[in-house]
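Trainee: If it helps, the file is called run.cif and holds mmCIF, C-alpha atoms and all ligand atoms:
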```
data_run
#
loop_
_atom_site.label_atom_id
_atom_site.label_comp_id
_atom_site.auth_asym_id
_atom_site.auth_seq_id
_atom_site.Cartn_x
_atom_site.Cartn_y
_atom_site.Cartn_z
CA MET A 17 27.11 -12.75 -23.37
CA THR A 18 27.72 -9.38 -21.70
CA SER A 19 25.72 -8.29 -18.66
CA MET A 20 23.97 -5.61 -20.76
CA GLY A 21 22.91 -8.18 -23.32
CA PHE A 22 21.64 -10.43 -20.57
CA CYS A 23 19.58 -7.58 -19.03
CA ARG A 24 18.10 -6.76 -22.45
CA LEU A 25 17.18 -10.41 -22.96
CA ILE A 26 15.40 -10.50 -19.59
CA ARG A 27 13.54 -7.25 -20.35
CA VAL A 28 12.43 -8.50 -23.79
CA SER A 29 11.27 -11.84 -22.27
CA TRP A 30 9.41 -9.97 -19.52
CA ASP A 31 7.68 -7.67 -22.04
CA GLN A 32 6.70 -10.66 -24.17
CA ALA A 33 5.31 -12.50 -21.14
CA LEU A 34 3.27 -9.42 -20.19
CA GLU A 35 1.98 -9.09 -23.76
CA ARG A 36 0.81 -12.71 -23.67
CA CYS A 37 -0.86 -12.26 -20.27
CA SER A 38 -2.56 -8.96 -21.19
CA PRO A 39 -5.59 -10.51 -22.96
CA VAL A 40 -6.23 -12.74 -19.91
CA PHE A 41 -5.41 -10.04 -17.31
CA PRO A 42 -6.18 -6.63 -18.90
CA CYS A 43 -4.95 -4.82 -15.76
CA LEU A 44 -1.35 -5.93 -16.55
CA SER A 45 -1.21 -3.59 -19.56
CA ASP A 46 -1.44 -0.54 -17.27
CA PRO A 47 1.91 0.19 -15.50
CA ALA A 48 0.23 1.81 -12.46
CA ARG A 49 -2.12 -1.13 -11.95
CA ARG A 50 0.77 -3.52 -12.53
CA THR A 51 2.74 -1.83 -9.73
CA PHE A 52 -0.24 -2.01 -7.42
CA LEU A 53 -0.83 -5.67 -8.29
CA GLY A 54 2.84 -6.30 -7.50
CA LEU A 55 2.38 -4.58 -4.14
CA LYS A 56 -0.61 -6.78 -3.31
CA VAL A 57 1.31 -9.93 -4.18
CA ALA A 58 4.28 -8.70 -2.09
CA LEU A 59 2.00 -8.02 0.88
CA VAL A 60 0.42 -11.48 0.77
CA MET A 61 3.84 -13.10 0.32
CA LEU A 62 5.29 -11.13 3.26
CA HIS A 63 2.48 -12.30 5.54
CA LEU A 64 2.82 -15.89 4.35
CA ILE A 65 6.60 -15.85 4.87
CA TYR A 66 6.24 -14.66 8.49
CA VAL A 67 3.66 -17.28 9.38
CA GLY A 68 5.22 -20.02 7.23
CA VAL A 69 8.69 -19.66 8.79
CA LEU A 70 7.15 -19.80 12.24
CA PHE A 71 5.32 -23.06 11.59
CA LEU A 72 8.29 -24.51 9.71
CA PHE A 73 10.88 -23.86 12.44
CA ASP A 74 8.91 -23.98 15.67
CA THR A 75 8.16 -27.59 16.55
CA ASN A 76 6.83 -26.48 19.92
CA LEU A 77 4.18 -24.43 18.15
CA ILE A 78 2.98 -27.46 16.20
CA GLN A 79 2.81 -29.38 19.47
CA LYS A 80 0.90 -26.48 21.04
CA THR A 81 -1.51 -26.45 18.08
CA LYS A 82 -2.39 -30.07 18.83
CA GLU A 83 -2.88 -29.38 22.53
CA GLU A 84 -4.64 -25.99 22.29
CA PRO A 85 -6.05 -25.70 18.75
CA TRP A 86 -8.19 -22.66 19.65
CA TYR A 87 -5.08 -20.53 20.32
CA ILE A 88 -3.67 -20.99 16.82
CA ALA A 89 -7.17 -20.93 15.32
CA ILE A 90 -7.71 -17.39 16.70
CA TYR A 91 -4.25 -16.35 15.50
CA LEU A 92 -4.97 -17.62 11.98
CA LEU A 93 -8.36 -15.92 12.10
CA VAL A 94 -6.65 -12.58 12.84
CA PHE A 95 -4.22 -13.34 10.00
CA VAL A 96 -7.02 -13.97 7.48
CA ALA A 97 -9.11 -11.04 8.76
CA THR A 98 -6.13 -8.66 8.33
CA LEU A 99 -5.58 -9.71 4.72
CA ALA A 100 -9.33 -9.55 4.02
CA GLN A 101 -9.50 -6.07 5.56
CA TYR A 102 -6.59 -4.96 3.36
CA PHE A 103 -8.38 -6.03 0.16
CA PHE A 104 -11.71 -4.71 1.46
CA THR A 105 -10.19 -1.27 2.17
CA SER A 106 -8.17 -1.07 -1.03
CA GLY A 107 -11.27 -1.89 -3.07
CA SER A 108 -13.52 0.62 -1.30
CA SER A 109 -14.42 4.09 -2.53
CA PRO A 110 -13.08 7.02 -0.47
CA GLY A 111 -16.17 9.06 -1.41
CA TYR A 112 -15.59 10.91 -4.66
CA VAL A 113 -17.33 14.25 -5.10
CA ILE A 114 -18.35 13.35 -8.63
CA ASP A 115 -20.13 10.24 -7.27
CA ALA A 116 -21.91 12.32 -4.61
CA MET A 117 -23.02 14.71 -7.33
CA ARG A 118 -24.23 11.88 -9.58
CA ALA A 119 -25.96 10.15 -6.66
CA GLY A 120 -27.91 13.32 -6.06
CA ASN A 121 -28.91 13.46 -9.72
CA GLU A 122 -29.57 9.76 -10.38
CA SER A 123 -31.62 9.09 -7.29
CA HIS A 124 -33.34 12.49 -7.62
CA ALA A 125 -32.69 12.85 -3.96
CA THR A 126 -33.26 15.86 -1.86
CA PHE A 127 -30.20 17.38 -0.34
CA ARG A 128 -31.65 17.54 3.05
CA LYS A 129 -30.28 19.61 5.82
CA THR A 130 -30.13 17.68 9.01
CA SER A 131 -29.95 19.30 12.37
CA MET A 132 -27.03 18.38 14.52
CA THR A 133 -27.80 16.49 17.65
CA SER A 134 -25.24 17.97 19.98
CA LYS A 135 -26.44 20.81 22.18
CA ARG A 136 -23.95 23.38 20.96
CA SER A 137 -24.55 22.58 17.33
CA ALA A 138 -28.29 22.41 17.73
CA SER A 139 -28.26 25.99 18.90
CA SER A 140 -26.46 27.06 15.75
CA GLN A 141 -27.97 27.35 12.33
CA SER A 142 -25.49 25.05 10.62
CA GLY A 143 -25.79 21.32 9.98
CA SER A 144 -24.34 18.60 7.78
CA PHE A 145 -25.67 18.04 4.28
CA THR A 146 -26.32 14.46 3.33
CA ILE A 147 -26.95 12.79 -0.02
CA PRO A 148 -28.44 9.29 0.05
CA ILE A 149 -26.87 6.75 -2.28
CA GLU A 150 -29.93 4.54 -2.37
CA GLU A 151 -33.32 5.60 -3.65
CA ASN A 152 -35.00 5.64 -0.30
CA GLN A 153 -35.29 9.33 0.36
CA PRO A 154 -38.21 11.55 -0.52
CA GLY A 155 -38.03 14.61 -2.73
CA LYS A 156 -36.42 15.39 -6.07
CA ILE A 157 -33.78 17.44 -7.79
CA THR A 158 -34.75 18.50 -11.28
CA PRO A 159 -32.72 16.39 -13.74
CA GLY A 160 -30.51 18.49 -15.98
CA ASN A 161 -30.36 21.19 -13.41
CA ASN A 162 -27.88 19.21 -11.34
CA THR A 163 -24.79 21.36 -11.74
CA THR A 164 -26.65 24.50 -10.66
CA SER A 165 -28.28 22.69 -7.74
CA TRP A 166 -24.93 21.30 -6.71
CA ALA A 167 -23.21 24.69 -6.87
CA LYS A 168 -26.02 26.25 -4.86
CA LEU A 169 -25.91 23.48 -2.26
CA VAL A 170 -22.14 23.71 -1.90
CA MET A 171 -22.02 27.51 -1.74
CA ASP A 172 -24.53 27.38 1.14
CA MET A 173 -21.79 25.67 3.16
CA TYR A 174 -19.41 28.60 2.76
CA PRO A 175 -19.79 32.05 4.35
CA HIS A 176 -22.14 34.37 2.52
CA GLY A 177 -20.47 36.19 -0.36
CA SER A 178 -17.92 33.46 -1.21
CA SER A 179 -17.14 33.13 -4.90
CA VAL A 180 -17.96 29.89 -6.76
CA ARG A 181 -14.78 30.33 -8.79
CA ASN A 182 -12.59 30.06 -5.65
CA TRP A 183 -14.01 26.64 -4.83
CA THR A 184 -14.19 25.11 -8.32
CA CYS A 185 -11.71 22.32 -8.99
CA MET A 186 -9.74 23.19 -12.13
CA TYR A 187 -9.30 19.49 -12.98
CA CYS A 188 -12.83 18.12 -12.38
CA ASN A 189 -14.60 21.43 -13.02
CA ILE A 190 -16.99 20.89 -10.12
CA VAL A 191 -17.58 23.03 -7.06
CA GLN A 192 -15.80 21.54 -4.05
CA PRO A 193 -17.60 21.34 -0.70
CA PRO A 194 -15.48 22.12 2.40
CA ARG A 195 -12.92 19.44 3.41
CA VAL A 196 -12.54 18.27 -0.19
CA LYS A 197 -9.26 17.98 -2.07
CA HIS A 198 -8.41 16.92 -5.58
CA CYS A 199 -6.22 13.79 -5.59
CA HIS A 200 -3.76 13.83 -8.48
CA ASP A 201 -3.21 10.07 -8.27
CA CYS A 202 -6.92 9.24 -8.54
CA ASP A 203 -7.61 12.36 -10.66
CA LYS A 204 -10.80 12.98 -8.67
CA CYS A 205 -11.96 15.21 -5.85
CA VAL A 206 -12.35 13.31 -2.56
CA LEU A 207 -14.73 14.08 0.30
CA GLN A 208 -12.88 14.57 3.61
CA PHE A 209 -9.60 13.80 1.87
CA ASP A 210 -7.09 12.30 4.28
CA HIS A 211 -4.25 11.07 2.05
CA HIS A 212 -3.58 8.92 -0.99
CA CYS A 213 -2.32 5.58 0.35
CA LEU A 214 0.25 3.98 -1.96
CA TRP A 215 0.24 0.80 0.11
CA LEU A 216 -3.50 0.34 -0.46
CA GLY A 217 -3.51 1.93 -3.91
CA THR A 218 -6.47 4.16 -3.11
CA CYS A 219 -7.36 7.45 -1.50
CA ILE A 220 -8.41 7.53 2.14
CA GLY A 221 -11.41 9.76 2.61
CA GLN A 222 -14.85 9.93 4.15
CA GLY A 223 -15.98 6.61 2.62
CA ASN A 224 -13.15 4.39 3.83
CA HIS A 225 -11.34 6.13 6.70
CA CYS A 226 -13.07 3.83 9.20
CA ARG A 227 -12.05 0.74 7.25
CA PHE A 228 -8.49 2.10 7.05
CA TRP A 229 -8.38 2.55 10.83
CA TRP A 230 -9.56 -1.02 11.34
CA TYR A 231 -6.96 -2.28 8.88
CA ILE A 232 -4.15 -0.58 10.82
CA ALA A 233 -5.59 -1.90 14.12
CA GLU A 234 -5.75 -5.47 12.77
CA GLU A 235 -2.28 -5.28 11.23
CA THR A 236 -0.90 -3.97 14.56
CA THR A 237 -2.58 -6.81 16.49
CA LEU A 238 -1.19 -9.37 14.04
CA CYS A 239 2.30 -7.85 14.30
CA ILE A 240 2.25 -7.94 18.13
CA TRP A 241 0.98 -11.52 18.21
CA THR A 242 3.52 -12.70 15.60
CA GLY A 243 6.28 -10.90 17.55
CA ILE A 244 5.27 -12.73 20.74
CA LEU A 245 5.37 -16.10 18.92
CA TYR A 246 8.84 -15.29 17.50
CA ILE A 247 10.18 -14.25 20.93
CA THR A 248 8.70 -17.41 22.50
CA TYR A 249 10.53 -19.50 19.90
CA LEU A 250 13.85 -17.70 20.45
CA LYS A 251 13.55 -17.98 24.24
CA ALA A 252 12.71 -21.70 24.19
CA ASN A 253 15.59 -23.77 25.57
CA ILE A 254 15.91 -26.32 22.77
CA ALA A 255 18.78 -27.31 20.47
CA ARG A 256 18.41 -25.88 16.94
CA ALA A 257 20.52 -24.78 13.99
CA TRP A 258 22.20 -21.34 14.29
CA TRP A 259 20.92 -20.23 10.88
CA LYS A 260 17.34 -20.77 11.99
CA ASP A 261 17.96 -18.38 14.88
CA GLY A 262 19.59 -15.93 12.46
CA ILE A 263 16.57 -15.92 10.13
CA MET A 264 14.15 -15.57 13.05
CA ILE A 265 16.13 -12.65 14.57
CA LEU A 266 16.29 -10.86 11.20
CA LEU A 267 12.55 -11.26 10.68
CA LEU A 268 11.86 -10.15 14.25
CA VAL A 269 13.93 -6.96 13.79
CA ALA A 270 12.03 -6.11 10.58
CA LEU A 271 8.75 -6.90 12.34
CA SER A 272 9.66 -4.59 15.27
CA ILE A 273 10.36 -1.70 12.88
CA CYS A 274 6.99 -2.26 11.16
CA LEU A 275 5.29 -2.47 14.55
CA ILE A 276 6.69 0.90 15.71
CA PHE A 277 5.48 2.49 12.47
CA LEU A 278 2.03 0.86 12.76
CA LEU A 279 1.59 1.86 16.41
CA LEU A 280 2.46 5.48 15.63
CA LEU A 281 0.09 5.45 12.65
CA LEU A 282 -2.70 3.95 14.76
CA LEU A 283 -2.22 6.55 17.50
CA PHE A 284 -2.11 9.38 14.98
CA HIS A 285 -5.30 8.29 13.20
CA SER A 286 -7.06 7.72 16.54
CA TYR A 287 -6.22 11.33 17.44
CA LEU A 288 -7.59 12.49 14.07
CA VAL A 289 -10.81 10.53 14.62
CA LEU A 290 -11.35 11.93 18.13
CA THR A 291 -10.87 15.50 16.92
CA ASN A 292 -12.64 15.06 13.55
CA GLN A 293 -9.65 16.10 11.49
CA THR A 294 -7.88 14.67 8.48
CA THR A 295 -4.15 14.28 7.85
CA TYR A 296 -4.38 16.83 5.05
CA GLU A 297 -6.12 19.39 7.27
CA LEU A 298 -3.56 18.89 10.04
CA VAL A 299 -0.50 19.09 7.82
CA ARG A 300 -1.69 21.84 5.46
CA ARG A 301 -3.72 23.84 7.96
CA ARG A 302 -2.04 27.12 7.05
CA ARG A 303 -2.56 26.57 3.34
CA ILE A 304 -6.30 25.86 3.52
CA PRO A 305 -8.00 29.28 3.27
CA TYR A 306 -10.89 28.58 5.68
CA LEU A 307 -8.57 27.06 8.36
CA ARG A 308 -5.80 29.62 8.14
CA GLY A 309 -7.00 32.03 10.82
CA ILE A 310 -8.24 29.43 13.30
CA PRO A 311 -6.03 28.85 16.38
CA GLU A 312 -4.07 25.56 16.42
CA ARG A 313 -5.82 24.11 19.45
CA VAL A 314 -9.31 24.67 17.99
CA TYR A 315 -10.76 21.79 15.97
CA PRO A 316 -13.32 23.50 13.72
CA PHE A 317 -15.25 20.37 12.67
CA SER A 318 -15.20 18.62 16.04
CA LYS A 319 -18.60 17.92 17.61
CA GLY A 320 -17.14 16.56 20.84
CA ILE A 321 -15.13 13.37 21.35
CA CYS A 322 -18.14 11.07 21.82
CA ARG A 323 -20.04 12.42 18.82
CA ASN A 324 -16.92 12.32 16.60
CA LEU A 325 -16.32 8.72 17.60
CA TYR A 326 -19.96 7.80 17.04
CA ASN A 327 -20.04 9.44 13.59
CA PHE A 328 -16.82 7.66 12.65
CA CYS A 329 -17.68 4.12 13.80
CA CYS A 330 -21.36 3.68 14.44
CA ASP A 331 -23.07 6.28 12.29
CA PRO A 332 -26.16 4.60 10.85
CA ARG A 333 -25.93 6.97 7.88
CA ARG A 334 -23.58 4.56 6.13
CA SER A 335 -25.16 4.78 2.70
CA ILE A 336 -24.90 8.53 2.33
CA TYR A 337 -22.35 11.17 1.49
CA VAL A 338 -22.05 13.68 4.30
CA MET A 339 -20.80 17.19 3.69
CA GLU A 340 -20.09 19.50 6.58
CA PRO A 341 -20.52 23.26 6.26
CA LEU A 342 -17.88 25.60 7.62
CA PRO A 343 -18.45 26.50 11.27
CA THR A 344 -19.83 29.97 11.91
CA SER A 345 -17.74 32.59 13.71
CA GLN A 346 -19.95 32.14 16.83
CA GLU A 347 -19.25 28.40 16.84
CA LEU A 348 -15.52 28.99 16.46
CA GLU A 349 -15.61 31.52 19.25
CA ALA A 350 -17.37 29.01 21.53
CA LYS A 351 -14.81 26.34 20.64
CA SER A 352 -11.83 28.59 21.28
CA ARG A 353 -13.11 29.63 24.72
CA PRO A 354 -10.64 28.44 27.42
CA TYR A 355 -11.77 25.54 29.58
CA THR A 356 -13.10 26.35 33.04
CA CYS A 357 -13.64 23.95 35.98
CA LEU A 358 -17.35 23.90 35.11
CA ASP A 359 -16.54 22.88 31.51
CA VAL A 360 -14.45 19.98 32.80
CA LEU A 361 -17.26 18.89 35.15
CA CYS A 362 -19.81 19.14 32.32
CA CYS A 363 -17.47 17.21 29.96
CA ARG A 364 -17.44 20.04 27.38
CA CYS A 365 -14.86 18.19 25.29
CA CYS A 366 -17.23 15.24 24.91
ZN ZN A 401 -10.98 17.65 -8.67
ZN ZN A 402 -6.10 9.26 -4.56
#
```
Transcribe the structure of this file into structure tokens.
Mentor:
Amino acid sequence: MTSMGFCRLIRVSWDQALERCSPVFPCLSDPARRTFLGLKVALVMLHLIYVGVLFLFDTNLIQKTKEEPWYIAIYLLVFVATLAQYFFTSGSSPGYVIDAMRAGNESHATFRKTSMTSKRSASSQSGSFTIPIEENQPGKITPGNNTTSWAKLVMDMYPHGSSVRNWTCMYCNIVQPPRVKHCHDCDKCVLQFDHHCLWLGTCIGQGNHCRFWWYIAEETTLCIWTGILYITYLKANIARAWWKDGIMILLLVALSICLIFLLLLLLFHSYLVLTNQTTYELVRRRRIPYLRGIPERVYPFSKGICRNLYNFCCDPRRSIYVMEPLPTSQELEAKSRPYTCLDVLCCRCC
């Protein structure tokens, strides 16, 4: 049999196997979901290989497990938590605009305008608009009038005189609040769009950016800890087969490359969190009309480091969609003012 014939035979067998599995696993019939499922399996396998090889080769580690079980117990806990966080993040919603719009309609909620708590913001007339997901807020939006209400609400976030047409998504046909972008992979508009993560198979936006940060932090911790265990094994002065060392060194090199990438990603996203920016806003700043004229060192949506951090991690408004209006020219002017000694003493950046 020629190699081409053999390849065709494999492809036909694979297609037949998928056809048989499709009724049991409907997701296998969709190529995109199949790819993502393959990625998930690869990720779990990769983690299992790293930990499995370690326990298989390192007899000292098994001895250490018997002597200090808590050490390995915590390591395995980090391992499980990382994988759980991966699935938790990949299954979470990034905050789709269409869902925010429906939530407003279905719960008949009031789009209430909340005043900002920081001193500078409190003095301005702008605030963030929030839509509760649960039916625990007073007030109503007239059903059937949702699209008009939505357009009115959104246009209030833009400077007076802005055209609805300029901010209507041509794919979803809904008016986009500021900081929203249409994701072509998800085919939906996403609130505070950061990026579409192929590794997680979902968009990263307002709804899951915090979970994404925690996932990177956990994966980095796991990588560092695994690296330490690998180095400890290689440094141990015991007789062992050369090929075991070879496998461990190869895995350690790959792990180091992943670790560098993860550390850079963690630092980058920490910077974004502290300045209340998204990857999309940072990379495409000159292409976003309302950010184009703002100086590079000015972070238009930042409310100070402490407030940004609080909103990102500990904001009690978990069950709501938050939409931020564009800052006024006075606010931008205040933010672009150079720092004086008094500003540093008063912690203006916080
Ligand atoms: Zn859209
Ligand atoms: Zn997406």
Trainee: In terms of the shortest atom-to-atom distance over only C-alpha atoms, which of A:Ser345, A:Gln79, A:Asn327, A:Ser106 is closest to Cys213 (chain A)?
Mentor: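 Using only C-alpha atoms, Cys213 (chain A) sits closest to A:Ser106.
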Trainee: Counting all atoms listed in the file, name the residues that have an atom within 9 Å of an atom of ligand ZN 401 (chain A); the answer should be given as JSON, numbers by chain.
Mentor: {"A": [113, 114, 184, 185, 186, 187, 188, 189, 190, 191, 192, 196, 197, 198, 199, 200, 203, 204, 205, 206]}
Trainee: Work out how far CA of His212 (chain A) is from CA of Leu290 (chain A), in Å to one decimal.
Mentor: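 The value is 20.9 Å.
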Trainee: Restricting the calculation to all atoms listed in the file: of A:Val180, A:Val57, A:Ile78, A:Leu207, which residue gets closest to ligand ZN 402 (chain A)?
Mentor: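 Between A:Val180, A:Val57, A:Ile78, A:Leu207, the residue approaching ligand ZN 402 (chain A) most closely is A:Leu207.
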Trainee: When you count all atoms listed in the file, which of these residues is closest to Pro316 (chain A): A:Ile247, A:Ala233, A:Arg195, A:Trp215?
Mentor: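 Of A:Ile247, A:Ala233, A:Arg195, A:Trp215, the one nearest Pro316 (chain A), counting all atoms listed in the file, is A:Arg195.
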Trainee: Just want the 10 Å neighbourhood of Ser108 (chain A), counted on all atoms listed in the file, with same-chain residues fewer than 6 positions away dropped. Output as JSON, numbers by chain.
Mentor: {"A": [218, 219, 220, 223, 224, 225, 227, 228]}
Trainee: Suppose we keep C-alpha atoms; can you now write the selection as a compact mmCIF listing (two decimals), in the frame of the given file?
Mentor:
```
# COMPACT_ATOMS: atom_id res chain seq x y z
CA THR A 218 -6.47 4.16 -3.11
CA CYS A 219 -7.36 7.45 -1.50
CA ILE A 220 -8.41 7.53 2.14
CA GLY A 223 -15.98 6.61 2.62
CA ASN A 224 -13.15 4.39 3.83
CA HIS A 225 -11.34 6.13 6.70
CA ARG A 227 -12.05 0.74 7.25
CA PHE A 228 -8.49 2.10 7.05
```
Trainee: Excluding Leu267 (chain A) and residues on its chain fewer than 2 positions from it, collect all residues at most 10 Å away from it, counting all atoms listed in the file, and give them as a list in words.
Mentor: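 The contact residues come out as Ile65, Tyr66, Val69, Gly243, Tyr246, Asp261, Gly262, Ile263, Met264, Ile265, Val269, Ala270, Leu271 and Ser272 of chain A.
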Trainee: Please save C-alpha atoms of the selected residues as a compact mmCIF listing (two decimals), in the frame of the given file.
Mentor:
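Result written to again_29.txt:
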```txt
# COMPACT_ATOMS: atom_id res chain seq x y z
CA ILE A 65 6.60 -15.85 4.87
CA TYR A 66 6.24 -14.66 8.49
CA VAL A 69 8.69 -19.66 8.79
CA GLY A 243 6.28 -10.90 17.55
CA TYR A 246 8.84 -15.29 17.50
CA ASP A 261 17.96 -18.38 14.88
CA GLY A 262 19.59 -15.93 12.46
CA ILE A 263 16.57 -15.92 10.13
CA MET A 264 14.15 -15.57 13.05
CA ILE A 265 16.13 -12.65 14.57
CA VAL A 269 13.93 -6.96 13.79
CA ALA A 270 12.03 -6.11 10.58
CA LEU A 271 8.75 -6.90 12.34
CA SER A 272 9.66 -4.59 15.27
```
Trainee: Considering all atoms listed in the file, state which residue in the set A:Leu325, A:Ala257, A:Leu214, A:Leu250 is at the smallest distance from ligand ZN 402 (chain A).
Mentor: A:Leu214
Trainee: Using only C-alpha atoms, which of the listed residues (A:Leu342, A:Ala116, A:Leu238, A:Met61) sits closest to Val96 (chain A)?
Mentor: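 Among A:Leu342, A:Ala116, A:Leu238, A:Met61, it is A:Leu238 that comes nearest to Val96 (chain A).
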Trainee: Restricting the calculation to all atoms listed in the file, which member of A:Thr105, A:Leu268, A:Cys202, A:Ser165 is positioned closest to Thr248 (chain A)?
Mentor: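 Of A:Thr105, A:Leu268, A:Cys202, A:Ser165, the one nearest Thr248 (chain A) is A:Leu268, counting all atoms listed in the file.
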Trainee: Show which residues sit within 10 Å of Trp241 (chain A), as a PyMOL selection string. Count all atoms listed in the file, and ignore same-chain residues fewer than 5 positions away.
Mentor: chain A and resi 91+94-95+235-236+246-247
Trainee: For the atom pair CA of Leu169 (chain A) and CA of Gly120 (chain A), what is the interatomic distance in Å to one decimal place?
Mentor: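 These two atoms are separated by 11.0 Å.
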Trainee: How many Å separate CA of Glu297 (chain A) from CA of Leu99 (chain A)?
Mentor: 29.2 Å
Trainee: Extract, using all atoms listed in the file, all DNA, RNA and protein residues at most 9 Å from Gly107 (chain A), discarding same-chain residues fewer than 5 positions from it, and format them as a PDB file with C-alpha atoms, in the coordinates of the input.
Mentor:
```pdb
ATOM      1  CA  TYR A 102      -6.590  -4.960   3.360  1.00  0.00           C
ATOM      2  CA  LEU A 216      -3.500   0.340  -0.460  1.00  0.00           C
ATOM      3  CA  GLY A 217      -3.510   1.930  -3.910  1.00  0.00           C
ATOM      4  CA  THR A 218      -6.470   4.160  -3.110  1.00  0.00           C
TER       5      THR A 218
END
```
Trainee: Please list as a ChimeraX atom specification every residue within 8 Å of Phe317 (chain A), counting all atoms listed in the file and excluding residues in the same chain fewer than 5 positions away.
Mentor: /A:291-293,340,342-343
Trainee: From (-7.6, 15.7, 7.1), in the file's coordinates, out to 7 Å: which residues are reached, counting only C-alpha atoms? Answer as a PyMOL selection string.
Mentor: chain A and resi 208-210+293-298
